[in-house]
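*Asks:* To start, I am sharing the structure in question, which I have written as structure tokens.
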Amino acid sequence: MSGNTCFIHRFALGATVLFGLSGSVLPEAARAQEAASDSLRNYEMEAVVVTATRSPSVLRDVPVPTRVIPAEQIQARAALRLSDLLAEEPGMVLSHFLGTGIQLQGLDPAYTLILIDGEPVIGRNGGTLDLDRFTITDIASIEVVQGPSSSLYGSEALAGVINIRTRQPQEPFRALVGVRRQTHGTENLTASLEGMMGRYAWRLNADRLQSDGYDLHPEAPGLTGPGYETETYSSRFDVSLISGLSARINARFATEEQRNVRGFQQEGYAFTFEENEQRSDLSLSPSLIWQAGIGNTWTLRNHLSDYRTESLLSGGIDGREPEYSTFDQGIRKLELQNDQILGTWLLLNTGAGIQREIVEAGRIAGVSRSNRTSWLFSQQQFILSSTIDLTTSFRIDHHSDYGWQLSPKAGFMLKSRETVRFRASVGTGFKAPTFQQLYMDYTNPVAGYSVIGSADASALLSELESSGQIRSVMTDLAAFETVVPESSVSYNLSADTDWGPAVHLHVSGFRNHVRDLIETLPIAIKTNGMQVFSYVNLRRIVTQGLNAEISWRPSASSRLALGYQFLDTRDLDVIEGIDNGEYFGRQNGRDFRLGRSDYGGLFGRSRHTASLQFSADIPHSSADIHIRGALKSRYGFGDQNGNLILDTDQEYVDGHTLWNVTLNQPLSGFAQLQIGLVNALDHINANQIPSLSGRQVFAALTLNTR
Amino acid sequence: MKSRITSFSMILVLALFVTACDSSSSNDDSQEVIAARASDVPSDPIIGIGSDGRPVGANAFSFFSLRTGQIVASTDSASTGWDLGFKGSTIIVNGGTSGPGNGAAQIVDDIFGDVMNAPENGWIQDSADAYAIPTGSGNGWYNYNFATQVLSPIPGRVLLVRTADGRYAKVSMISYYQGAPETPTGDDTARFLTFDYVFQPDGSRKFQ
């Protein structure tokens, strides 16, 4: 294929997506036709993806390595929530801290941007977006882009981007009802309606998920995993206006309630609290798409989102006032993007936007704070020849609290032969400081410390000093600055190839240098002896590793995919300290100096992870089975011996493998029965992995008009 | 008669020699270094729940003498009879603003057994601004892990102490919990300190 036709072919597919509202040949329909053909079993490589370049591209040729979890896989595996689904994918590790998040390339969940239909999801707690919040009934596919993507998406897209694409209406009319029951009194009811009439297409979804929770420690008060009730409503409305102009509006509302009794020990005394927490999430995303001409598209996107939590903490000691706290976060975002083809050799994507973010919480200094971000991004995809693509991009952000941020990226792709692709990129990413780090002031009078947000710290300290309340300062107040974003430089290299029609191989390596990680540090002592902490950009970490994946499709309906990741992580200041002889271990009361080989890297990261996904039809029946296994080698749990780093064997959680099995049986054409096991081998580690409740069994029945 | 006086005198002289050679009672030079472990020294242990709902102790220091290896009654706190005071995780010395003695301290990062001498300089006495052994997690002798709620001594931290009467000692903190469990948890009874120490009674800075 010459560069010309290849390019037009690629763009034509992209244009088809943009014109998809008219109901003409859709990529999904084309894929279904190809699936029947034996000669192109790797049809999944022909899927159209949008996340990596903020514009449509065929998966095989996308300049940035992207993984797609397609609709059939999502539907066949019958995972309960988004977190359960992603945990089965190679290279993705679940972490459970203040919510269930995803580690990509060994980086904290705070460094992965989560999008729904291209718009960011808000409501992070300590940096973690709790993926337990999302049910999967309205998801069409999930695109995962690994590697820094701040040059397109800005903050948080440091490790990568996960884009949850919701289902686009495809049938003139479809109604679907589903019911599922699972261990621990878990029940999920779903209803979905979609339709297309002339120039309109619409979809409505309602989902209710509830659970009684589970208890791994019956002797302790409360449940290990509290019960909850979640309701999610989502809708999508597409309308094709005058020729070339179309509009879309996505709306989503989710609410969750959780109730639990919690207890903890302090200095040998036990306390119990009753906790009642409610969170709600509302978002509205209208957009306007204008096809100005062949190869020229304008998109205007508006996104309004509100996230709110309310919690009531009561109990403890008799007569103590219940503690009620609320947290409210909202964003108002407007973005304009232009996609243009210049000649036959350049695809240009440019965008600009503004965003206002408001946060209101009891512990925020001044109760309500807001900030404004504006940005400009530009991406140039050069088709240098039929075999070489060069993609460069950059984004400039300006934030009202910490100023400018520039995020450049460059990558190239080499196509040798029809199915072989080599990709290499170097790029930067950044993560903005959180509200807590910028604005939150908190004082614990009993424990004797205060934490003040960095945005106000300098001014507040000067004020305290002039009123004589500071006894001593540990830092030069004049030099004390508001924290800046954590940033990274990353290198990614990968190779993809088909081995015959049925096998696809992927090998990749990555290295991320992240610096300016924000830590709390004491900055002053008040005259009453209280320590004052604030936030400082301090740490530097490196994560690096290798991935290998092989997927084999002996027939259109069977599939075996194996994945493996090797990961090495380290804190550079700890390495320096170890080299200087500043770190010690203690064994049987004797201290000894630690060497590099004693250091286990960052907590919560497994050196080796592997995944297996197997799908097959069951012979002599119409049923199919899907088996998934995810292996994690041992990982650091927490410091035990007082040196604050991961070194001794007692500080690790044992490695383990989790298996999930789903069996699907279609019933009479419009219904399907699914039964399965989650954590089939009943792996439990009550002390170190409270999120694993043991083996769960489920059964689900789906009815749809077809 | 003469031979009896001679033998008696010889015995007397001999006795004089023997008694004169006994020099240990008035001079400390030949005393050995004291190396011991103090176990479960109370450090303002919890006695109840305060009005704010948190556990509290009597809010009083316990006093300890490194020479005798014993707790000193608090009525003697205004004396030079104690060397270290303990309250919770705070350690004070008998010097500066904390007591009438000549006590001081400094911290060094090293293996306890490898610290051969106390340094000549760098001694800090407790002051109104800060204690010689700093308070706060990570600053002094311990790290407090918020996740597990366990307070652990920092391995490789050695506390060098100058006692109330100007002698030298080195201290290595072992545990904050009663019974010094190998892997403490939030359930263990806190505020009972266990520590190893080496005290040099002869006034030199050598720990051998």
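All residue names refer to the structure tokens as shown: chains lettered A, B, ... in order, residues numbered from 1 in each chain, ligands numbered from 1 in order.
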Which residues come within 7 Å of Gly103 of chain B, counting only C-alpha atoms, excluding same-chain residues fewer than 3 positions away, as a list in words?
*Replies:*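 Skipping anything fewer than 3 positions along the chain leaves Asp83, Val93, Asn94, Gly95, Gln125, Arg162, Thr163, Ala164 and Gly166 of chain B.
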*Asks:* Taking only C-alpha atoms into account, what are the residues of chain B at most 10 Å from chain A, put as a PyMOL selection string?
*Replies:* chain B and resi 45-46+48-49+51-56+109-114+128-130+135-136+138-139+141-145+147-157+172-175+177+182-191+195-196
*Asks:* Measure the distance from atom CA of Thr326 of chain A to atom CA of Ala361 of chain A in Å and round it to one decimal.
*Replies:*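 So the two atoms, atom CA of Thr326 of chain A and atom CA of Ala361 of chain A, lie 5.7 Å apart.
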*Asks:* Go through A:Thr112, A:Glu465, A:Phe377, A:Trp552 and flag the residue nearest Trp499 of chain A, using only C-alpha atoms for the distances.
*Replies:* A:Trp552
*Asks:* Looking at B:Gln106, B:Ala132, B:Ser89, B:Ile34, which one is nearest to Ala118 of chain B, with distances taken over only C-alpha atoms?
*Replies:*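 So, comparing all the options, the nearest one is B:Gln106.
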*Asks:* Can you tell me, as a list in words, what residues are no more than 6 Å from Asp126 of chain B when counting only C-alpha atoms, ignoring any on the same chain fewer than 3 positions away?
*Replies:* Gly96, Thr97, Tyr131 and Ala132 of chain B
*Asks:* Could you pull the residues within 10 Å of Gly195 of chain A, counting only C-alpha atoms, minus those fewer than 2 positions along the same chain, as an mmCIF file with C-alpha atoms, in the first residue's frame?
*Replies:*
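Listing of around.cif after writing:
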```
data_model
loop_
_atom_site.group_PDB
_atom_site.id
_atom_site.type_symbol
_atom_site.label_atom_id
_atom_site.label_comp_id
_atom_site.auth_asym_id
_atom_site.auth_seq_id
_atom_site.Cartn_x
_atom_site.Cartn_y
_atom_site.Cartn_z
ATOM 1 C CA GLN A 168 -23.184 4.003 20.850
ATOM 2 C CA PRO A 169 -26.769 3.236 19.790
ATOM 3 C CA GLN A 170 -26.638 0.680 16.973
ATOM 4 C CA GLU A 171 -30.097 -0.791 16.675
ATOM 5 C CA PRO A 172 -33.318 0.873 15.550
ATOM 6 C CA PHE A 173 -34.614 -0.299 18.878
ATOM 7 C CA ARG A 174 -33.186 -2.410 21.630
ATOM 8 C CA ALA A 175 -34.319 -3.101 25.154
ATOM 9 C CA LEU A 193 -33.055 1.127 26.142
ATOM 10 C CA MET A 197 -34.865 7.195 14.378
ATOM 11 C CA TYR A 200 -31.654 10.853 16.211
ATOM 12 C CA ALA A 201 -30.038 8.152 18.251
ATOM 13 C CA TRP A 202 -30.446 7.681 21.966
ATOM 14 C CA ARG A 203 -29.612 5.368 24.803
ATOM 15 C CA LEU A 204 -30.811 5.184 28.406
ATOM 16 C CA PHE A 237 -28.310 11.406 22.835
#
```
*Asks:* Using DSSP on the backbone, list every residue of segment 69-200 of chain B that comes out as helix (DSSP H, G or I), and give them as a PyMOL selection string.
*Replies:* chain B and resi 74-76+112-114
*Asks:* Leaving out Ala700 of chain A and any residue of its chain fewer than 5 positions from it, which residues lie within 9 Å of it when counting only C-alpha atoms, given as a compact mmCIF listing (two decimals) with C-alpha atoms, in the first residue's frame?
*Replies:*
```txt
# COMPACT_ATOMS: atom_id res chain seq x y z
CA ALA A 78 -19.31 -10.69 33.12
CA GLY A 178 -30.52 -8.00 33.35
CA VAL A 179 -30.47 -9.40 36.84
CA ARG A 180 -27.50 -10.83 38.66
CA ARG A 181 -27.01 -12.36 42.08
CA GLN A 182 -23.65 -12.95 43.67
CA ASN A 188 -27.35 -6.09 40.31
CA GLN A 672 -28.53 -15.39 27.99
CA LEU A 673 -27.60 -17.10 31.20
CA GLN A 674 -24.19 -16.52 32.72
CA ILE A 675 -22.81 -18.31 35.73
CA GLY A 676 -19.37 -18.10 37.17
```
*Asks:* What is the distance, in Å and to one decimal place, between atom CA of Gly295 of chain A and atom CA of Gly343 of chain A?
*Replies:* 9.5 Å
*Asks:* List as a PyMOL selection string the protein and nucleic acid residues near Lys170 of chain B, meaning an atom at most 8 Å away when only C-alpha atoms are counted, but skip any in the same chain fewer than 4 places from it.
*Replies:* chain B and resi 112+118+158-161+197-199
*Asks:* Any chance you can output those residues with N, CA and C atoms as a short mmCIF file (atom, residue, chain, number, x, y, z; two decimals), in the first residue's frame?
*Replies:*
```cif
data_model
loop_
_atom_site.label_atom_id
_atom_site.label_comp_id
_atom_site.auth_asym_id
_atom_site.auth_seq_id
_atom_site.Cartn_x
_atom_site.Cartn_y
_atom_site.Cartn_z
N PHE B 112 25.32 -0.01 66.73
CA PHE B 112 25.52 0.20 68.16
C PHE B 112 26.87 -0.35 68.64
N ALA B 118 32.57 8.10 72.74
CA ALA B 118 31.65 9.23 72.67
C ALA B 118 32.41 10.40 72.07
N VAL B 158 21.81 5.62 67.13
CA VAL B 158 22.40 5.43 68.45
C VAL B 158 22.31 6.75 69.20
N LEU B 159 21.81 6.70 70.44
CA LEU B 159 21.72 7.91 71.26
C LEU B 159 22.96 7.96 72.13
N LEU B 160 23.72 9.03 71.98
CA LEU B 160 24.89 9.21 72.84
C LEU B 160 24.48 10.13 73.97
N VAL B 161 24.77 9.70 75.20
CA VAL B 161 24.26 10.43 76.36
C VAL B 161 25.40 10.82 77.28
N TYR B 197 22.01 -0.35 76.72
CA TYR B 197 22.90 0.78 76.95
C TYR B 197 24.26 0.30 77.42
N VAL B 198 25.25 1.13 77.17
CA VAL B 198 26.60 0.88 77.66
C VAL B 198 27.02 2.14 78.39
N PHE B 199 27.38 2.00 79.67
CA PHE B 199 27.72 3.14 80.51
C PHE B 199 29.17 3.03 80.95
#
```
